[in-house]
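Next comes start25.cif, a file with mmCIF, C-alpha atoms (C1' of nucleotides).
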```cif
data_data
loop_
_atom_site.label_atom_id
_atom_site.label_comp_id
_atom_site.auth_asym_id
_atom_site.auth_seq_id
_atom_site.Cartn_x
_atom_site.Cartn_y
_atom_site.Cartn_z
CA MET A 12 -27.02 7.12 -15.38
CA ALA A 13 -26.29 8.15 -11.84
CA LYS A 14 -28.66 10.51 -10.15
CA PHE A 15 -26.37 11.02 -7.21
CA ALA A 16 -26.15 13.80 -4.64
CA ALA A 17 -26.40 13.24 -0.91
CA GLY A 18 -29.74 14.52 0.15
CA GLY A 19 -30.15 15.81 -3.34
CA GLY A 20 -31.80 12.55 -4.30
CA ASP A 21 -35.50 12.78 -4.94
CA ALA A 22 -36.00 9.97 -2.46
CA GLY A 23 -39.54 10.71 -1.49
CA ALA A 24 -41.22 13.73 -0.08
CA SER A 25 -39.21 13.57 3.12
CA PRO A 26 -37.36 16.86 3.20
CA ILE A 27 -34.69 15.69 5.60
CA ARG A 28 -31.19 16.53 4.52
CA VAL A 29 -28.87 13.60 4.85
CA PHE A 30 -25.95 14.58 7.01
CA ASP A 31 -22.62 13.30 5.71
CA GLY A 32 -20.29 15.56 7.64
CA THR A 33 -18.29 12.67 9.02
CA LEU A 34 -17.54 11.33 5.55
CA ARG A 35 -16.97 14.77 4.08
CA SER A 36 -13.77 15.11 6.05
CA PHE A 37 -12.30 12.26 4.04
CA ALA A 38 -10.59 13.15 0.81
CA GLY A 39 -11.54 9.77 -0.60
CA TYR A 40 -15.24 10.39 -0.16
CA ASN A 41 -15.04 13.71 -1.93
CA MET A 42 -12.90 12.21 -4.65
CA LYS A 43 -15.38 9.45 -5.31
CA ARG A 44 -18.33 11.83 -5.48
CA ALA A 45 -16.62 14.32 -7.74
CA PHE A 46 -15.12 11.65 -9.95
CA ASN A 47 -18.44 9.89 -10.42
CA LEU A 48 -19.87 13.08 -11.86
CA VAL A 49 -16.86 13.75 -14.02
CA GLN A 50 -16.95 10.20 -15.29
CA ALA A 51 -20.64 10.40 -16.14
CA ASP A 52 -20.03 13.59 -18.09
CA LEU A 53 -17.07 11.99 -19.81
CA ALA A 54 -19.15 9.00 -20.88
CA ARG A 55 -21.79 11.28 -22.37
CA THR A 56 -19.10 13.25 -24.17
CA LEU A 57 -17.44 10.19 -25.68
CA GLU A 58 -20.58 8.31 -26.64
CA PRO A 59 -21.14 10.18 -29.94
CA PHE A 60 -17.64 9.16 -31.00
CA GLY A 61 -18.32 5.51 -30.31
CA LEU A 62 -15.78 5.60 -27.52
CA ARG A 63 -15.95 4.56 -23.90
CA MET A 64 -13.61 5.82 -21.24
CA MET A 65 -11.35 2.82 -21.55
CA THR A 66 -11.20 2.78 -25.33
CA PHE A 67 -10.61 6.52 -25.39
CA THR A 68 -7.73 6.25 -22.94
CA ALA A 69 -6.28 3.32 -24.86
CA LEU A 70 -6.51 5.14 -28.16
CA ALA A 71 -4.86 8.25 -26.76
CA LEU A 72 -1.99 6.19 -25.38
CA ILE A 73 -1.51 4.33 -28.67
CA VAL A 74 -1.46 7.62 -30.58
CA ASP A 75 1.16 8.99 -28.20
CA ASN A 76 3.19 5.76 -28.11
CA PRO A 77 3.34 4.26 -31.57
CA ASP A 78 4.24 0.57 -31.84
CA MET A 79 3.71 -0.13 -28.17
CA SER A 80 2.78 -3.69 -27.25
CA GLN A 81 -0.45 -4.87 -25.68
CA SER A 82 1.35 -5.78 -22.50
CA GLN A 83 2.75 -2.30 -22.21
CA LEU A 84 -0.65 -0.82 -22.88
CA ALA A 85 -2.25 -3.10 -20.32
CA GLY A 86 0.30 -1.98 -17.76
CA ALA A 87 -0.31 1.67 -18.54
CA LEU A 88 -4.07 1.20 -18.27
CA ALA A 89 -3.84 -0.92 -15.14
CA VAL A 90 -5.83 -3.62 -16.90
CA GLU A 91 -5.14 -7.33 -17.21
CA ARG A 92 -3.80 -8.40 -20.57
CA SER A 93 -6.80 -10.66 -21.00
CA ASN A 94 -9.21 -7.78 -20.56
CA LEU A 95 -7.25 -5.60 -22.92
CA VAL A 96 -7.97 -7.92 -25.83
CA THR A 97 -11.58 -6.76 -26.05
CA ILE A 98 -10.54 -3.13 -25.92
CA VAL A 99 -7.95 -3.50 -28.67
CA ASP A 100 -10.41 -5.57 -30.70
CA ASP A 101 -12.92 -2.74 -30.47
CA LEU A 102 -10.45 -0.13 -31.66
CA GLU A 103 -9.22 -2.39 -34.43
CA LYS A 104 -12.68 -3.31 -35.70
CA HIS A 105 -13.51 0.37 -36.06
CA GLY A 106 -10.34 0.83 -38.09
CA TRP A 107 -8.78 3.24 -35.62
CA ILE A 108 -5.71 1.13 -34.88
CA THR A 109 -3.90 -1.83 -36.38
CA ARG A 110 -2.05 -4.79 -34.89
CA ASN A 111 1.27 -4.95 -36.66
CA PRO A 112 4.04 -7.53 -36.37
CA ALA A 113 6.71 -6.38 -33.96
CA PRO A 114 10.17 -6.41 -35.56
CA ASN A 115 12.04 -7.97 -32.65
CA ASP A 116 9.38 -10.22 -31.14
CA ARG A 117 7.05 -12.38 -33.17
CA ARG A 118 4.78 -12.85 -30.19
CA SER A 119 3.84 -9.25 -29.59
CA HIS A 120 1.81 -6.81 -31.63
CA ALA A 121 3.00 -3.34 -32.43
CA LEU A 122 -0.08 -1.20 -31.98
CA ARG A 123 -0.38 1.76 -34.26
CA ALA A 124 -3.15 4.29 -34.78
CA THR A 125 -4.49 4.72 -38.30
CA PRO A 126 -5.01 8.20 -39.79
CA ASP A 127 -8.69 7.75 -38.96
CA GLY A 128 -7.77 6.85 -35.43
CA GLU A 129 -5.53 9.86 -35.02
CA CYS A 130 -8.20 12.12 -36.40
CA LEU A 131 -10.84 10.68 -34.10
CA CYS A 132 -8.52 10.93 -31.14
CA GLU A 133 -7.84 14.56 -31.84
CA LYS A 134 -11.54 15.34 -32.03
CA ALA A 135 -12.33 13.36 -28.92
CA VAL A 136 -9.55 15.02 -26.97
CA SER A 137 -10.89 18.42 -27.96
CA ALA A 138 -14.42 17.46 -26.96
CA VAL A 139 -13.32 16.10 -23.63
CA ALA A 140 -11.21 19.17 -22.99
CA ALA A 141 -14.18 21.41 -23.76
CA HIS A 142 -16.49 19.48 -21.47
CA GLU A 143 -13.96 19.46 -18.70
CA ALA A 144 -13.39 23.17 -19.07
CA LYS A 145 -17.12 23.67 -18.67
CA LEU A 146 -17.20 21.40 -15.65
CA LEU A 147 -14.27 23.19 -14.07
CA GLY A 148 -15.46 26.59 -15.18
CA GLY A 149 -16.19 27.71 -11.66
CA LEU A 150 -12.58 27.22 -10.68
CA GLN A 151 -9.69 29.60 -10.82
CA ALA A 152 -7.01 28.52 -13.27
CA SER A 153 -4.61 28.19 -10.38
CA GLU A 154 -7.12 26.07 -8.52
CA ALA A 155 -7.44 23.58 -11.37
CA ALA A 156 -3.68 23.38 -11.68
CA ALA A 157 -3.34 22.83 -7.94
CA LEU A 158 -5.91 20.06 -8.11
CA ILE A 159 -3.97 18.14 -10.72
CA SER A 160 -0.72 18.76 -8.90
CA THR A 161 -2.13 17.48 -5.62
CA LEU A 162 -3.66 14.43 -7.26
CA ARG A 163 -0.33 13.53 -8.79
CA LYS A 164 1.36 13.90 -5.42
CA ILE A 165 -1.13 11.47 -3.94
CA GLU A 166 -0.51 9.07 -6.79
CA HIS A 167 3.25 9.25 -6.29
CA SER A 168 2.86 8.87 -2.55
CA ALA A 169 0.65 5.80 -2.86
CA THR A 170 2.80 4.06 -5.45
CA GLY A 171 5.93 4.71 -3.47
CA ASP A 172 7.30 6.35 -6.56
CA ALA A 173 10.88 7.48 -6.47
CA MET X 24 -5.98 -5.64 -6.44
CA ALA X 25 -4.68 -3.11 -8.93
CA LYS X 26 -1.05 -2.94 -9.78
CA PHE X 27 -1.46 0.30 -11.63
CA ALA X 28 1.03 2.98 -12.64
CA ALA X 29 1.54 4.15 -16.19
CA GLY X 30 4.80 2.74 -17.35
CA GLY X 31 5.30 1.54 -13.83
CA GLY X 32 3.86 -1.78 -14.87
CA ASP X 33 6.37 -4.59 -15.02
CA ALA X 34 5.16 -5.32 -18.51
CA GLY X 35 8.19 -7.06 -19.87
CA ALA X 36 11.78 -6.09 -20.15
CA SER X 37 11.01 -3.25 -22.53
CA PRO X 38 12.24 -0.18 -20.73
CA ILE X 39 10.14 2.25 -22.68
CA ARG X 40 8.27 4.75 -20.58
CA VAL X 41 4.68 5.09 -21.66
CA PHE X 42 3.95 8.70 -22.46
CA ASP X 43 0.60 9.87 -21.17
CA GLY X 44 1.13 13.62 -21.34
CA THR X 45 -2.00 14.18 -23.38
CA LEU X 46 -4.19 12.48 -20.78
CA ARG X 47 -2.34 14.04 -17.87
CA SER X 48 -3.75 17.43 -18.75
CA PHE X 49 -7.21 16.14 -17.93
CA ALA X 50 -8.34 16.43 -14.35
CA GLY X 51 -10.50 13.34 -14.80
CA TYR X 52 -7.53 11.16 -15.71
CA ASN X 53 -5.61 12.27 -12.65
CA MET X 54 -8.67 11.85 -10.48
CA LYS X 55 -9.21 8.30 -11.65
CA ARG X 56 -5.62 7.31 -11.06
CA ALA X 57 -5.37 8.88 -7.64
CA PHE X 58 -8.76 7.62 -6.56
CA ASN X 59 -8.00 4.05 -7.61
CA LEU X 60 -5.04 4.03 -5.26
CA VAL X 61 -6.95 5.65 -2.44
CA GLN X 62 -9.77 3.18 -2.92
CA ALA X 63 -7.42 0.21 -2.85
CA ASP X 64 -5.89 1.45 0.39
CA LEU X 65 -9.35 2.05 1.81
CA ALA X 66 -10.44 -1.49 0.99
CA ARG X 67 -7.38 -2.90 2.74
CA THR X 68 -8.07 -0.69 5.75
CA LEU X 69 -11.70 -1.73 6.07
CA GLU X 70 -11.25 -5.43 5.44
CA PRO X 71 -10.23 -6.30 9.03
CA PHE X 72 -13.46 -4.72 10.22
CA GLY X 73 -15.55 -6.82 7.88
CA LEU X 74 -16.53 -3.70 5.98
CA ARG X 75 -16.38 -2.78 2.34
CA MET X 76 -16.39 0.76 1.04
CA MET X 77 -20.13 0.71 0.45
CA THR X 78 -21.08 -0.85 3.76
CA PHE X 79 -18.75 1.50 5.60
CA THR X 80 -20.27 4.54 3.95
CA ALA X 81 -23.77 3.25 4.60
CA LEU X 82 -23.02 2.59 8.24
CA ALA X 83 -21.52 6.02 8.74
CA LEU X 84 -24.58 7.64 7.22
CA ILE X 85 -26.97 5.61 9.35
CA VAL X 86 -25.02 6.52 12.48
CA ASP X 87 -25.21 10.18 11.56
CA ASN X 88 -28.84 10.02 10.45
CA PRO X 89 -30.82 7.83 12.82
CA ASP X 90 -34.14 6.45 11.58
CA MET X 91 -33.49 7.29 7.97
CA SER X 92 -35.28 5.15 5.38
CA GLN X 93 -33.69 2.85 2.84
CA SER X 94 -34.82 5.08 0.02
CA GLN X 95 -33.14 8.05 1.60
CA LEU X 96 -30.00 6.04 2.15
CA ALA X 97 -30.06 4.79 -1.41
CA GLY X 98 -30.33 8.37 -2.62
CA ALA X 99 -27.45 9.48 -0.45
CA LEU X 100 -25.29 6.61 -1.64
CA ALA X 101 -26.31 7.03 -5.27
CA VAL X 102 -27.33 3.39 -5.32
CA GLU X 103 -30.54 1.78 -6.59
CA ARG X 104 -32.93 0.73 -3.87
CA SER X 105 -32.68 -2.83 -5.12
CA ASN X 106 -28.92 -2.86 -4.68
CA LEU X 107 -29.16 -1.31 -1.26
CA VAL X 108 -31.03 -4.31 0.10
CA THR X 109 -27.89 -6.44 0.09
CA ILE X 110 -25.91 -3.71 1.80
CA VAL X 111 -28.46 -3.22 4.56
CA ASP X 112 -28.80 -6.98 4.91
CA ASP X 113 -25.08 -7.24 5.46
CA LEU X 114 -25.04 -4.59 8.16
CA GLU X 115 -28.11 -6.08 9.82
CA LYS X 116 -26.79 -9.64 9.82
CA HIS X 117 -23.68 -8.47 11.60
CA GLY X 118 -25.84 -6.79 14.21
CA TRP X 119 -24.57 -3.34 13.44
CA ILE X 120 -27.92 -1.86 12.48
CA THR X 121 -31.59 -2.74 12.84
CA ARG X 122 -34.61 -2.29 10.57
CA ASN X 123 -37.31 -0.73 12.72
CA PRO X 124 -40.90 0.08 11.85
CA ALA X 125 -41.29 3.68 10.78
CA PRO X 126 -43.90 5.52 12.85
CA ASN X 127 -45.59 7.33 10.00
CA ASP X 128 -45.17 4.87 7.15
CA ARG X 129 -45.67 1.14 7.49
CA ARG X 130 -43.85 0.52 4.25
CA SER X 131 -40.51 1.99 5.14
CA HIS X 132 -37.87 0.90 7.60
CA ALA X 133 -36.30 3.24 10.10
CA LEU X 134 -32.64 2.30 10.04
CA ARG X 135 -30.80 2.66 13.29
CA ALA X 136 -27.27 1.71 14.32
CA THR X 137 -26.86 -0.57 17.32
CA PRO X 138 -24.31 0.21 20.05
CA ASP X 139 -22.07 -2.37 18.39
CA GLY X 140 -22.55 -0.61 15.08
CA GLU X 141 -21.72 2.77 16.53
CA CYS X 142 -18.64 1.39 18.19
CA LEU X 143 -17.47 -0.29 15.00
CA CYS X 144 -18.16 2.83 13.00
CA GLU X 145 -16.08 4.91 15.35
CA LYS X 146 -13.16 2.52 15.12
CA ALA X 147 -13.42 2.25 11.36
CA VAL X 148 -13.59 6.02 10.95
CA SER X 149 -10.44 6.36 13.05
CA ALA X 150 -8.64 3.71 11.03
CA VAL X 151 -9.62 5.27 7.74
CA ALA X 152 -8.59 8.69 8.98
CA ALA X 153 -5.20 7.34 10.02
CA HIS X 154 -4.62 5.65 6.69
CA GLU X 155 -5.68 8.69 4.78
CA ALA X 156 -3.41 10.88 6.86
CA LYS X 157 -0.54 8.58 5.95
CA LEU X 158 -1.51 8.65 2.31
CA LEU X 159 -1.75 12.42 2.30
CA GLY X 160 1.28 12.83 4.52
CA GLY X 161 3.32 14.41 1.78
CA LEU X 162 0.85 17.23 1.44
CA GLN X 163 0.69 20.52 3.22
CA ALA X 164 -2.36 20.87 5.44
CA SER X 165 -3.52 23.74 3.27
CA GLU X 166 -3.04 21.59 0.19
CA ALA X 167 -5.27 18.83 1.52
CA ALA X 168 -7.93 21.34 2.50
CA ALA X 169 -7.75 22.94 -0.92
CA LEU X 170 -8.15 19.53 -2.54
CA ILE X 171 -11.38 18.82 -0.71
CA SER X 172 -12.64 22.34 -1.33
CA THR X 173 -11.97 22.07 -5.05
CA LEU X 174 -13.58 18.63 -5.29
CA ARG X 175 -16.71 19.94 -3.64
CA LYS X 176 -16.81 22.85 -6.05
CA ILE X 177 -16.67 20.41 -8.94
CA GLU X 178 -19.44 18.37 -7.39
CA HIS X 179 -21.62 21.45 -6.96
CA SER X 180 -20.85 22.58 -10.48
CA ALA X 181 -21.76 19.22 -11.98
CA THR X 182 -24.96 18.79 -10.04
CA GLY X 183 -26.08 22.29 -10.83
CA ASP X 184 -26.42 22.80 -7.14
CA ALA X 185 -27.89 26.06 -5.98
"C1'" DA F 1 -63.51 4.59 -3.92
"C1'" DC F 2 -60.32 4.70 -7.51
"C1'" DT F 3 -56.18 5.73 -9.40
"C1'" DT F 4 -51.45 6.66 -8.96
"C1'" DA F 5 -47.00 6.78 -6.54
"C1'" DT F 6 -43.74 5.03 -3.26
"C1'" DT F 7 -41.30 1.51 -0.39
"C1'" DG F 8 -38.71 -2.53 0.10
"C1'" DC F 9 -37.76 -6.62 -2.21
"C1'" DT F 10 -36.71 -10.56 -5.79
"C1'" DA F 11 -35.10 -11.98 -10.02
"C1'" DT F 12 -32.55 -11.28 -14.06
"C1'" DT F 13 -29.19 -9.22 -16.88
"C1'" DT F 14 -25.30 -6.60 -18.06
"C1'" DG F 15 -20.71 -5.08 -17.56
"C1'" DA F 16 -16.21 -4.61 -15.37
"C1'" DC F 17 -12.61 -7.14 -13.55
"C1'" DA F 18 -9.67 -11.01 -11.83
"C1'" DT F 19 -8.03 -15.99 -12.56
"C1'" DA F 20 -6.61 -20.08 -15.06
"C1'" DA F 21 -5.02 -22.19 -18.72
"C1'" DC F 22 -3.16 -22.48 -23.50
"C1'" DA F 23 0.03 -22.34 -27.93
"C1'" DA F 24 3.53 -19.69 -29.78
"C1'" DT F 25 7.63 -17.51 -29.00
"C1'" DC F 26 11.56 -15.68 -26.55
"C1'" DA F 27 15.41 -16.01 -23.16
"C1'" DT F 28 18.65 -18.45 -20.57
"C1'" DA F 29 21.54 -22.18 -18.86
"C1'" DT F 30 23.54 -25.80 -19.54
"C1'" DA Q 12 22.05 -27.30 -29.59
"C1'" DT Q 13 18.83 -28.28 -26.30
"C1'" DA Q 14 16.22 -28.25 -22.28
"C1'" DT Q 15 13.96 -25.22 -19.02
"C1'" DG Q 16 11.55 -21.37 -17.80
"C1'" DA Q 17 9.37 -16.89 -18.79
"C1'" DT Q 18 6.54 -13.79 -21.71
"C1'" DT Q 19 2.84 -12.53 -25.27
"C1'" DG Q 20 -1.64 -12.65 -26.86
"C1'" DT Q 21 -5.72 -15.18 -26.37
"C1'" DT Q 22 -9.85 -17.91 -24.71
"C1'" DA Q 23 -12.65 -19.44 -21.19
"C1'" DT Q 24 -14.41 -18.93 -16.72
"C1'" DG Q 25 -15.75 -17.05 -12.35
"C1'" DT Q 26 -16.83 -13.13 -9.40
"C1'" DC Q 27 -18.66 -8.97 -8.13
"C1'" DA Q 28 -20.95 -4.43 -8.65
"C1'" DA Q 29 -24.55 -1.98 -10.82
"C1'" DA Q 30 -28.81 -1.46 -13.91
"C1'" DT Q 31 -33.61 -3.06 -15.09
"C1'" DA Q 32 -38.11 -5.07 -14.52
"C1'" DG Q 33 -41.52 -6.42 -11.88
"C1'" DC Q 34 -43.97 -7.48 -7.44
"C1'" DA Q 35 -47.08 -6.92 -3.00
"C1'" DA Q 36 -47.93 -3.77 0.53
"C1'" DT Q 37 -48.84 0.70 1.64
"C1'" DA Q 38 -49.52 5.63 1.07
"C1'" DA Q 39 -51.31 9.79 -1.21
"C1'" DG Q 40 -54.22 12.47 -4.37
"C1'" DT Q 41 -58.51 13.00 -6.90
#
```
Can the structure in the file be given as structure tokens, please?
Amino acid sequence: MAKFAAGGGDAGASPIRVFDGTLRSFAGYNMKRAFNLVQADLARTLEPFGLRMMTFTALALIVDNPDMSQSQLAGALAVERSNLVTIVDDLEKHGWITRNPAPNDRRSHALRATPDGECLCEKAVSAVAAHEAKLLGGLQASEAAALISTLRKIEHSATGDA
Amino acid sequence: MAKFAAGGGDAGASPIRVFDGTLRSFAGYNMKRAFNLVQADLARTLEPFGLRMMTFTALALIVDNPDMSQSQLAGALAVERSNLVTIVDDLEKHGWITRNPAPNDRRSHALRATPDGECLCEKAVSAVAAHEAKLLGGLQASEAAALISTLRKIEHSATGDA
DNA sequence: ACTTATTGCTATTTGACATAACAATCATAT
DNA sequence: ATATGATTGTTATGTCAAATAGCAATAAGT
């Protein structure tokens, strides 16, 4: 999908190494590069399950939060409600979740994973975990933990979280 | 652009906190969330300069690699050559770079930043650095360095770099 | 000289994502 | 109770980035 790699591209016979030292000092640049690779690997991992990154994330959240509404899910996914419809449709058509009537609000749908959906989610989570472990294999366990911790700090800092 | 935040969404009066513990254990999930916020801040920072993330990155690479070709730049940016045309057009129309004839190859263009382009690049780099420093203000200096180091390790691991 | 590959480019398509509007329903204030 | 406004899910639409196919000009290999 993405060949990627600065200077690692096969762009011709020219052997010049592209210098990106200025950009390398930015955390954002390194985040984008690393994430692109992780995302590509994730897509390949999920494809055999019939899942994309978005549908996988949505399914995992529905499994962990039974009877949540589409608005809540959209908020959690940082997706517009209108765009969520397609995602939920996809999961529902495959029989992995159902749209149930919400007891207190006849407008909203209580999303619930089916046994099939839970089973698929479990398998997909395991597969993703395995692939990520392979991708992060060169890291110390403490390093991986520090990475996640630091990323969450950035997220809290940017959202002005309490 | 992106409201974001799991459970932080204003999705209704329902006070239920969306549980995303399963996904939180994945580095990729945390990377996506953190990067989305960083990217949004970056876009806001670059907008006054008339730059987008892609054009900014392209300009910085051209400044650091005078006379590089479009193919080389496309490789470094992980963008198709066809999509790069628009980006280079943008930079050229603003007078920040020029397409010069390459000495050894009459097909390719030697991309070079103009004095205006270099000046703008310098200012933009400073602005981005300042914004990123603010965004990463809550981190120890060693923590930020470790973040970049770890991200590069992941990148090397995924690309099978030597 | 002939074939093949590369460069920059155009055109087209796909997909992600935001916006606008809608009927149904809820909530609130008279 | 009723009128007003807000929210939910949905459809339709527009916008923008990224992928694909193909092209003429040029280069490289045989």
Applying the PyMOL selection byres ((chain A) within 8 of (chain Q)) to the file I just gave you, which residues come out? Please list them as a list in words. Gln81, Ser82, Arg92, Ser93, Val96, Arg118 and Ser119 of chain A
Between atom CA of Ser153 of chain A and atom CA of Ala168 of chain X, measure the distance and give it in Å to one decimal. 15.0 Å
Give one line per residue of chain F that approaches chain A to at most 8 Å, naming the two atoms of the closest pair and their distance in Å to one decimal, counting all atoms listed in the file; sort by chain then ascending residue number and deliver it as JSON lines.
```
{"residue": "F:DT6", "atom": "C1'", "partner": "A:Gly23", "partner_atom": "CA", "distance": 7.3}
{"residue": "F:DC17", "atom": "C1'", "partner": "A:Asn94", "partner_atom": "CA", "distance": 7.8}
{"residue": "F:DA18", "atom": "C1'", "partner": "A:Glu91", "partner_atom": "CA", "distance": 7.9}
{"residue": "F:DA24", "atom": "C1'", "partner": "A:Arg118", "partner_atom": "CA", "distance": 7.0}
{"residue": "F:DT25", "atom": "C1'", "partner": "A:Arg118", "partner_atom": "CA", "distance": 5.6}
{"residue": "F:DC26", "atom": "C1'", "partner": "A:Asp116", "partner_atom": "CA", "distance": 7.5}
```
Convert the output of the PyMOL selection byres ((chain A and resi 36) around 12) on the shown file into explicit residues, formatted as a PyMOL selection string. (chain A and resi 31-35+37-42) or (chain X and resi 148-149+151-152+155-156+167-168+170-172+174-175)
To one decimal place, how far is atom CA of Val74 of chain A from atom CA of Thr161 of chain A in Å? 26.8 Å
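For the set A:Met65, A:Ala113, A:Met79, A:Ala89, the residue with the smallest atom-to-atom gap to chain X is A:Ala89, counting only C-alpha atoms.
In this structure, atom CA of Ser80 of chain A sits 6.1 Å away from atom CA of Leu122 of chain A.
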Which residues match the PyMOL selection byres ((chain X and resi 65) around 9) in the file above, as a PyMOL selection string? (chain A and resi 39) or (chain X and resi 60-64+66-70+75-76+151+154-155)
Tell me, as a PyMOL selection string, which residues lie within 9 Å of Gly149 of chain A, counting all atoms listed in the file; anything in the same chain fewer than 5 positions away does not count. chain X and resi 176-177+180
Dump as a VMD selection string all residues having an atom at most 12 Å from (-18.1, -6.2, 7.5), computed in the file's coordinates with all atoms listed in the file. chain X and resid 66 68 to 82 110 to 120 140 143 to 144 147
Using only C-alpha atoms, the shortest atom-to-atom distance to chain A among X:Arg40, X:Arg122, X:Arg135, X:Lys146 belongs to X:Arg40
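The nearest approach to chain A among the residues X:Leu158, X:Ala153, X:Thr137, X:Gln163, with all atoms listed in the file taken into account, belongs to X:Leu158.
Take the candidates A:Ala121, A:Ala157, A:Ala87, A:Ala152 and check each one against chain X using all atoms listed in the file; the shortest distance goes to A:Ala87.
Of the listed residues X:Arg56, X:Ala136, X:Thr109, X:Pro124, the one whose atoms come nearest to chain A is X:Arg56, with distances taken using only C-alpha atoms.
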Might I get the box with edges along x, y and z of the file that holds all atoms of segment 28-41 of chain Q listed there, padded by 4 Å on every side, given as centre and edge lengths in Å to one decimal, as JSON?
```
{"center_x": -39.7, "center_y": 2.8, "center_z": -6.7, "size_x": 45.6, "size_y": 28.5, "size_z": 24.7}
```
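The closest residue to chain X, picked from A:Pro126, A:Pro77, A:Gly86, A:Gly148 and counting all atoms listed in the file, is A:Gly86.
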Please return segment 144-156 of chain A, rebuilt to N, CA, C and O atoms, as a short mmCIF file (atom, residue, chain, number, x, y, z; two decimals), keeping the file's coordinate frame.
```cif
data_model
loop_
_atom_site.label_atom_id
_atom_site.label_comp_id
_atom_site.auth_asym_id
_atom_site.auth_seq_id
_atom_site.Cartn_x
_atom_site.Cartn_y
_atom_site.Cartn_z
N ALA A 144 -13.51 21.74 -19.33
CA ALA A 144 -13.39 23.17 -19.07
C ALA A 144 -14.71 23.73 -18.55
O ALA A 144 -14.74 24.58 -17.66
N LYS A 145 -15.81 23.22 -19.12
CA LYS A 145 -17.12 23.67 -18.67
C LYS A 145 -17.37 23.21 -17.23
O LYS A 145 -17.89 23.95 -16.40
N LEU A 146 -16.97 21.97 -16.97
CA LEU A 146 -17.20 21.40 -15.65
C LEU A 146 -16.35 22.10 -14.59
O LEU A 146 -16.76 22.24 -13.44
N LEU A 147 -15.17 22.54 -15.00
CA LEU A 147 -14.27 23.19 -14.07
C LEU A 147 -14.32 24.71 -14.24
O LEU A 147 -13.44 25.42 -13.76
N GLY A 148 -15.36 25.16 -14.89
CA GLY A 148 -15.46 26.59 -15.18
C GLY A 148 -15.52 27.46 -13.95
O GLY A 148 -15.04 28.59 -13.96
N GLY A 149 -16.08 26.92 -12.88
CA GLY A 149 -16.19 27.71 -11.66
C GLY A 149 -14.91 27.83 -10.88
O GLY A 149 -14.87 28.47 -9.83
N LEU A 150 -13.86 27.22 -11.41
CA LEU A 150 -12.58 27.22 -10.68
C LEU A 150 -11.61 28.25 -11.25
O LEU A 150 -11.59 28.51 -12.44
N GLN A 151 -10.80 28.78 -10.38
CA GLN A 151 -9.69 29.60 -10.82
C GLN A 151 -8.71 28.71 -11.59
O GLN A 151 -8.62 27.51 -11.31
N ALA A 152 -7.99 29.31 -12.52
CA ALA A 152 -7.01 28.52 -13.27
C ALA A 152 -5.98 27.92 -12.32
O ALA A 152 -5.56 26.76 -12.48
N SER A 153 -5.60 28.69 -11.33
CA SER A 153 -4.61 28.19 -10.38
C SER A 153 -5.17 27.04 -9.55
O SER A 153 -4.46 26.12 -9.18
N GLU A 154 -6.48 27.12 -9.31
CA GLU A 154 -7.12 26.07 -8.52
C GLU A 154 -7.11 24.74 -9.27
O GLU A 154 -6.83 23.68 -8.70
N ALA A 155 -7.44 24.80 -10.55
CA ALA A 155 -7.44 23.58 -11.37
C ALA A 155 -6.04 23.00 -11.45
O ALA A 155 -5.85 21.78 -11.37
N ALA A 156 -5.07 23.86 -11.61
CA ALA A 156 -3.68 23.38 -11.68
C ALA A 156 -3.27 22.75 -10.36
O ALA A 156 -2.59 21.71 -10.33
#
```
